[in-house]
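Worksheet: one structure, shown below.
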Amino acid sequence: MHTEFLMGNAAIARGAIAAGVNLTAGYPGTPSTETLETIAKYRNQDTYVEWSVNEKSAMEVAAGAAYAGARVLVTMKQVGLNVASDPLMSLEYIGVKGGMVILVADDPGPISSQTEQDTRHYSYFSKLPCFDPSSVQEAYDMIQEAYEFSEKYGTPVFFRPTTRICHAYASIEVKDEDEYVHHSADGFKKDSSRWVIFPRLSYANHKKIEARNVELSKVFSEYSRNAIIPERGSFAGSGAARKGVAAGGISLALTLDNLQDLEDAPRILKVATPHPFPEQLAVTYLQDLDEVLVLEELDPVIERELTYIAGKYHLNVEIKGKLTGDAANAGENSPNLIAAALDSFLGRAAAETAAMPEPPQIPVRPPVLCAGCPHRASFYAVKTAMKGKKTIFCGDIGCYTLGNAMPLDMVDTCLCMGAGINIAQGVFRTEPDTNAFAFVGDSTFFASAITGIINAVYNQAEMTVIILDNSTTAMTGHQPHPGTGRTMMGEVVSKVSIEAVLRGIGLEFVETVNPLELDKAVDAVVRAAAQKGVKAIIFKSPCIALVKPDQPLSVDQSKCIGCKRCIREIGCPGIVINDGKVCIDPGLCTGCGLCAQLCPVHAIGGGCHD
Amino acid sequence: MTNTVKKNIDNRNTDNKNIVNRNIVLCGVGGQGTVLASKLIAAAAMEKGLRVMSAETIGMAQRGGNVFSNLRIGNSMHAPLLRSGQADVILGFEPGETVRMLHYLKPGGTVITNCRPVKPTTATLTGSSYDGSEMIAYLRENLAADRLLVVDGQEAIDKLGSPRVLNMVLLGAAIRTGQIGLTEEDIKKAMGRLIKPAFMELNLKAFDFARQ
């Protein structure tokens, strides 16, 4: 054992490696992404790792390997599980041979997601056991135990950290390499009565799964990560206030911090396996308590379990939480919120904070497209070309969702990965005189846009697809994808051509244009919009984080008339006003040249655009 | 399965009276280098056998948005996040962001801040006059003089010729207040491990810059 300072996701990855993981597959998504990247970095020679084209592919690749006896890890964010839910639901009926851990990172807040969905519900729905770590150290230790449970019971298991575990850092105890488990797959054994799902098999296995989960509830009541922490001080002894707090995940850690230095603390139930719920442990915990406050993020899962158990065992205890209005029912549980909920529940006075007068107005800093981002140029070209026309601009998931911000204002809808393509068709069906546009990034194109484009072609829709191809998965930190020609195994492979895919589907108008050449880009959009059917423009220019910037531009103050057109039209963070004059910040400017092309008096120059 | 967890989660009896517990907030704007400064403090503390936890802003919010780290040093914490009034030190890389995080400061805590603003794109669009000076004035009005250290980050950037040194300038100033509980030598040792040799000279100069 030795100590390392690790991010939660890195700790999970290192735990999986220590457990002998043979294959890892996933799709990038905040806050889960660094897990697979860490596996790729620290894997031994025999370990296979891939960014799959989407979460469904990842789940199925991993399932196949687990059928063959490999220990596997699947990684995704919570909304990714919606994409992978089809194989997930059937896989539980088939089971696995090698240990299979499905890492799904939930995102209370949400901080970087579309929804605040709670993967613990998927655990109920699919009947898979769920492990919910409350610290970085526990995440490292518990994922190793999760592999043992998975193999012992022949089922995939969920591992469900939240953002504040995934992206926390902590100095933790990790194993030395000679302490690692080495797991080797014994290969796929043909047996159609086991691996082929048929109604009769599903019925038989369903009965087994229900019986197993009853057993697991008992096993989890003895599992040391589910625990009762005894009350102390005024909460102990006869005549004491009989109150308890139940919590899991980061809410448990925040509760322990909050009560740490106090003489008096209520009885705590730590829930590390929300499903199957450790029922017997909960019954023991609830004995002689009058009131329990449940602190958890997202949905009231522990709260409903305790309410059910109190009813089932006729325990005279009041369970409080989200359902009773005693805890926030949306958003993150910040330390301040936990403190307020505990203050109110325990009848404590709030901790004193320094009273300060109202500060001056602090500027808001919404995230914006980077200076020089080619997406800005693409959006501006479409905006310019379609000025005055009836349009709908359907956006999608990626950095380019930020095209919604003023002054671009070029994202009218955004729903989920790949949805924009089909939403544009629906709007067109309802308002056929609308010029329907859908914007989609290169990684999202491969993940889930292709079927939507086939749908448009087959059903004779009228729309223009704009592919924003920056040669990477930028938003989640620059992961490779099928169009980049690089894999997570370090191979250089042939690129899947977006243009060839589109032509293969049957599109006749497919043009690849550099969006930073504004006139050509606008012209391509004008011509595409005038055509019938499904058309596509691929705006191809690399993410600025991947290439060396060109020389920064500058403003010739003798020419600048101060019209601020550059600022009003494109909102580039590299253009600033200093002492009333429009200037370019050389530390931010990448020399993309977009602003120079729209300056009415050609006052912007320098770099290689002179 | 072990039972160690039951001990770990109830460690209030651990004898840590002699250990300095420190809660630190680092804040600024994405790209200013708060994460490296946070990592250096963490590495230096770990070298002394202390436990460290931190939470950082990662993801969408990094792009031109405000970023923060909660950094906790000691042997008795469970979560990396701080509540209001818990921070011993706020190390602010941008004056507005320092004020935004001021609610974390505990009574008697220390603030070290850069006085130079990063103007948000929205301010350019709306023609806001924000230049940071109102934030520094607010801090001076509300904090005792010996609890506030204002550093001119731009002066260091101009003299050292690189915008990338800001984090080391501020970190050096913060360490020398004595409020982080680590010495200059502790941090320099950590720099030797975390910073590429080619950048060491510049970073050491920056670390020592605000000495005058």
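Naming scheme: A, B, ... for chains in displayed order of the structure tokens; residues 1 onward per chain; ligands 1 onward as shown.
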
Report as a ChimeraX atom specification: the residues of segment 40-204 of chain B with a DSSP assignment of strand (DSSP E), based on the backbone of this structure. /B:51-56,66-74,87-92,105-114,148-151

Residues as selected, C-alpha atoms, written as a PDB file, in the first residue's frame, can you do that?
ATOM      1  CA  ARG B  51      -4.192  14.116   4.296  1.00  0.00           C
ATOM      2  CA  VAL B  52      -5.597  16.324   1.570  1.00  0.00           C
ATOM      3  CA  MET B  53      -8.967  16.598  -0.146  1.00  0.00           C
ATOM      4  CA  SER B  54      -9.986  18.986  -2.874  1.00  0.00           C
ATOM      5  CA  ALA B  55     -12.840  19.746  -5.229  1.00  0.00           C
ATOM      6  CA  GLU B  56     -12.357  21.617  -8.479  1.00  0.00           C
ATOM      7  CA  ASN B  66     -15.489  31.311 -12.890  1.00  0.00           C
ATOM      8  CA  VAL B  67     -13.539  28.429 -11.362  1.00  0.00           C
ATOM      9  CA  PHE B  68     -12.781  27.472  -7.791  1.00  0.00           C
ATOM     10  CA  SER B  69     -10.983  24.875  -5.735  1.00  0.00           C
ATOM     11  CA  ASN B  70     -11.881  23.881  -2.204  1.00  0.00           C
ATOM     12  CA  LEU B  71      -8.720  22.496  -0.650  1.00  0.00           C
ATOM     13  CA  ARG B  72      -8.697  20.856   2.759  1.00  0.00           C
ATOM     14  CA  ILE B  73      -5.588  19.802   4.660  1.00  0.00           C
ATOM     15  CA  GLY B  74      -5.749  17.804   7.866  1.00  0.00           C
ATOM     16  CA  ALA B  87     -12.072  28.947   4.952  1.00  0.00           C
ATOM     17  CA  ASP B  88      -8.850  29.992   6.683  1.00  0.00           C
ATOM     18  CA  VAL B  89      -7.518  31.460   3.453  1.00  0.00           C
ATOM     19  CA  ILE B  90      -8.990  32.668   0.159  1.00  0.00           C
ATOM     20  CA  LEU B  91      -6.473  32.903  -2.661  1.00  0.00           C
ATOM     21  CA  GLY B  92      -8.164  34.921  -5.401  1.00  0.00           C
ATOM     22  CA  LEU B 105     -13.990  33.134   4.749  1.00  0.00           C
ATOM     23  CA  LYS B 106     -14.143  32.433   8.446  1.00  0.00           C
ATOM     24  CA  PRO B 107     -14.014  35.341  10.896  1.00  0.00           C
ATOM     25  CA  GLY B 108     -10.342  36.310  11.148  1.00  0.00           C
ATOM     26  CA  GLY B 109      -9.425  34.497   7.930  1.00  0.00           C
ATOM     27  CA  THR B 110      -6.937  35.859   5.401  1.00  0.00           C
ATOM     28  CA  VAL B 111      -7.477  36.970   1.791  1.00  0.00           C
ATOM     29  CA  ILE B 112      -4.723  37.148  -0.805  1.00  0.00           C
ATOM     30  CA  THR B 113      -5.953  38.571  -4.103  1.00  0.00           C
ATOM     31  CA  ASN B 114      -4.807  39.741  -7.482  1.00  0.00           C
ATOM     32  CA  LEU B 148      -5.778  41.300   3.280  1.00  0.00           C
ATOM     33  CA  LEU B 149      -2.879  41.115   0.844  1.00  0.00           C
ATOM     34  CA  VAL B 150      -3.405  42.699  -2.569  1.00  0.00           C
ATOM     35  CA  VAL B 151      -0.958  41.620  -5.270  1.00  0.00           C
TER      36      VAL B 151
END

Need the shell around Asn82 of chain A: protein/DNA/RNA residues with any atom at most 9 Å away, counting only C-alpha atoms. Skip same-chain ones fewer than 3 positions apart. Format as a PyMOL selection string? chain A and resi 55-56+78-79+85-86

Contacts of Ala461 of chain A at 9 Å (only C-alpha atoms; same-chain gap of 4+ positions) as a list in words: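 Here the qualifying residues turn out to be Gln425, Phe428, Arg429, Asn455, Ala456, Val457, Lys532, Gly533 and Val534 of chain A.
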
Do me a favour and pick out the residues of chain A within 8 Å of chain B, using only C-alpha atoms, as an NGL selection string. :A and (5 or 30-31 or 112 or 135 or 145 or 164 or 167-171 or 223-225 or 227 or 229 or 250 or 253-254 or 256-257 or 260-261 or 334-336 or 352-354 or 356 or 359-360 or 362-370 or 399 or 475-476 or 567-568 or 571-573 or 576-577 or 587)

Write out as a PDB file with N, CA, C and O atoms, in the first residue's frame all residues of segment 25-95 of chain B that DSSP puts in alpha helix (DSSP H) for this structure's backbone.
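Resulting contents of result_20.pdb:
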ATOM      1  N   THR B  34      -5.374  28.141 -11.530  1.00  0.00           N
ATOM      2  CA  THR B  34      -5.724  27.835 -10.134  1.00  0.00           C
ATOM      3  C   THR B  34      -5.475  26.359  -9.821  1.00  0.00           C
ATOM      4  O   THR B  34      -5.077  26.026  -8.707  1.00  0.00           O
ATOM      5  N   VAL B  35      -5.699  25.486 -10.811  1.00  0.00           N
ATOM      6  CA  VAL B  35      -5.600  24.050 -10.532  1.00  0.00           C
ATOM      7  C   VAL B  35      -4.169  23.657 -10.165  1.00  0.00           C
ATOM      8  O   VAL B  35      -3.950  22.914  -9.213  1.00  0.00           O
ATOM      9  N   LEU B  36      -3.174  24.202 -10.900  1.00  0.00           N
ATOM     10  CA  LEU B  36      -1.781  23.857 -10.586  1.00  0.00           C
ATOM     11  C   LEU B  36      -1.408  24.365  -9.189  1.00  0.00           C
ATOM     12  O   LEU B  36      -0.755  23.655  -8.412  1.00  0.00           O
ATOM     13  N   ALA B  37      -1.843  25.575  -8.867  1.00  0.00           N
ATOM     14  CA  ALA B  37      -1.541  26.117  -7.531  1.00  0.00           C
ATOM     15  C   ALA B  37      -2.128  25.203  -6.453  1.00  0.00           C
ATOM     16  O   ALA B  37      -1.476  24.881  -5.450  1.00  0.00           O
ATOM     17  N   SER B  38      -3.343  24.745  -6.691  1.00  0.00           N
ATOM     18  CA  SER B  38      -4.009  23.851  -5.743  1.00  0.00           C
ATOM     19  C   SER B  38      -3.249  22.524  -5.620  1.00  0.00           C
ATOM     20  O   SER B  38      -3.040  22.007  -4.520  1.00  0.00           O
ATOM     21  N   LYS B  39      -2.799  22.003  -6.778  1.00  0.00           N
ATOM     22  CA  LYS B  39      -2.069  20.727  -6.775  1.00  0.00           C
ATOM     23  C   LYS B  39      -0.744  20.845  -6.014  1.00  0.00           C
ATOM     24  O   LYS B  39      -0.323  19.910  -5.337  1.00  0.00           O
ATOM     25  N   LEU B  40      -0.075  22.002  -6.146  1.00  0.00           N
ATOM     26  CA  LEU B  40       1.211  22.185  -5.467  1.00  0.00           C
ATOM     27  C   LEU B  40       1.028  22.222  -3.954  1.00  0.00           C
ATOM     28  O   LEU B  40       1.813  21.617  -3.209  1.00  0.00           O
ATOM     29  N   ILE B  41       0.004  22.924  -3.497  1.00  0.00           N
ATOM     30  CA  ILE B  41      -0.257  22.963  -2.050  1.00  0.00           C
ATOM     31  C   ILE B  41      -0.559  21.544  -1.565  1.00  0.00           C
ATOM     32  O   ILE B  41      -0.038  21.096  -0.529  1.00  0.00           O
ATOM     33  N   ALA B  42      -1.369  20.831  -2.340  1.00  0.00           N
ATOM     34  CA  ALA B  42      -1.740  19.464  -1.951  1.00  0.00           C
ATOM     35  C   ALA B  42      -0.511  18.567  -1.870  1.00  0.00           C
ATOM     36  O   ALA B  42      -0.329  17.820  -0.903  1.00  0.00           O
ATOM     37  N   ALA B  43       0.345  18.655  -2.890  1.00  0.00           N
ATOM     38  CA  ALA B  43       1.529  17.791  -2.926  1.00  0.00           C
ATOM     39  C   ALA B  43       2.461  18.108  -1.754  1.00  0.00           C
ATOM     40  O   ALA B  43       3.014  17.201  -1.121  1.00  0.00           O
ATOM     41  N   ALA B  44       2.628  19.400  -1.458  1.00  0.00           N
ATOM     42  CA  ALA B  44       3.515  19.800  -0.364  1.00  0.00           C
ATOM     43  C   ALA B  44       2.966  19.316   0.975  1.00  0.00           C
ATOM     44  O   ALA B  44       3.715  18.858   1.841  1.00  0.00           O
ATOM     45  N   ALA B  45       1.644  19.402   1.144  1.00  0.00           N
ATOM     46  CA  ALA B  45       1.034  18.961   2.400  1.00  0.00           C
ATOM     47  C   ALA B  45       1.175  17.449   2.564  1.00  0.00           C
ATOM     48  O   ALA B  45       1.472  16.945   3.647  1.00  0.00           O
ATOM     49  N   MET B  46       0.973  16.704   1.453  1.00  0.00           N
ATOM     50  CA  MET B  46       1.078  15.248   1.517  1.00  0.00           C
ATOM     51  C   MET B  46       2.483  14.801   1.865  1.00  0.00           C
ATOM     52  O   MET B  46       2.687  13.836   2.592  1.00  0.00           O
ATOM     53  N   GLU B  47       3.457  15.561   1.342  1.00  0.00           N
ATOM     54  CA  GLU B  47       4.858  15.261   1.639  1.00  0.00           C
ATOM     55  C   GLU B  47       5.112  15.317   3.152  1.00  0.00           C
ATOM     56  O   GLU B  47       5.952  14.604   3.681  1.00  0.00           O
ATOM     57  N   PRO B  95     -10.161  39.870  -8.895  1.00  0.00           N
ATOM     58  CA  PRO B  95     -10.796  40.558  -7.757  1.00  0.00           C
ATOM     59  C   PRO B  95     -12.289  40.271  -7.602  1.00  0.00           C
ATOM     60  O   PRO B  95     -12.759  40.075  -6.471  1.00  0.00           O
TER      61      PRO B  95
END

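The residue set within 12 Å of Cys563 of chain A, counting only C-alpha atoms and dropping same-chain residues fewer than 4 places from it, reads Lys559, Ile567, Arg568, Glu569, Ile577, Gly580, Lys581, Val582, Leu598, Cys599, Pro600, Val601 and Ala603 of chain A.
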
Out of A:Phe277, A:Phe379, A:Phe188, A:Tyr308, which residue has the shortest atom-to-atom distance to Ala63 of chain A when counting only C-alpha atoms?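 Comparing A:Phe277, A:Phe379, A:Phe188, A:Tyr308 against Ala63 of chain A, the winner is A:Phe188.
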
To one decimal in Å, tell me the separation between atom CA of Val283 of chain A and atom CA of Asn226 of chain A. 12.8 Å

Rounded to one decimal in Å, what is the spacing between atom CA of Leu315 of chain A and atom CA of Thr273 of chain A?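 Between these atoms lies a distance of 22.2 Å.
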
Rank nothing, just name the residue among A:Glu179, A:Glu462, A:Glu92, A:Glu116 nearest to His206 of chain A, using only C-alpha atoms.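 For His206 of chain A, the nearest of the given residues is A:Glu92.
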
One decimal, in Å: what's the spacing between atom CA of Gly192 of chain B and atom CA of Ala10 of chain A?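 Result for atom CA of Gly192 of chain B versus atom CA of Ala10 of chain A: 22.9 Å, one decimal.
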
Distance query Asn203 of chain B at most 12 Å, only C-alpha atoms, self and fewer than 6 positions along chain excluded, as a PyMOL selection string: chain B and resi 36-37+156-157+160-172+187-188+191-192+194-197+209

Quick one: everything within 6 Å of Pro156 of chain A, counting only C-alpha atoms, minus sequence neighbours fewer than 4 positions away in the same chain. Send it as a ChimeraX atom specification. /A:100-101,150

For the residues selected in the previous step, produce a file with C-alpha atoms as an mmCIF file, in the first residue's frame.
data_model
loop_
_atom_site.group_PDB
_atom_site.id
_atom_site.type_symbol
_atom_site.label_atom_id
_atom_site.label_comp_id
_atom_site.auth_asym_id
_atom_site.auth_seq_id
_atom_site.Cartn_x
_atom_site.Cartn_y
_atom_site.Cartn_z
ATOM 1 C CA MET A 100 -19.064 -6.616 -15.009
ATOM 2 C CA VAL A 101 -19.184 -3.178 -13.417
ATOM 3 C CA SER A 150 -20.657 -9.398 -9.705
#

Residue contacts of Ala66 of chain A (12 Å, only C-alpha atoms) excluding same-chain residues fewer than 3 positions away, as a ChimeraX atom specification: /A:21-25,59-63,69-74,91,94-102,147,150-151,154-156,183-189,195

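Closest approach to Cys166 of chain A from the set A:Met7, A:Ala438, A:Val271, A:Ala13 is made by A:Met7, with distances taken over only C-alpha atoms.
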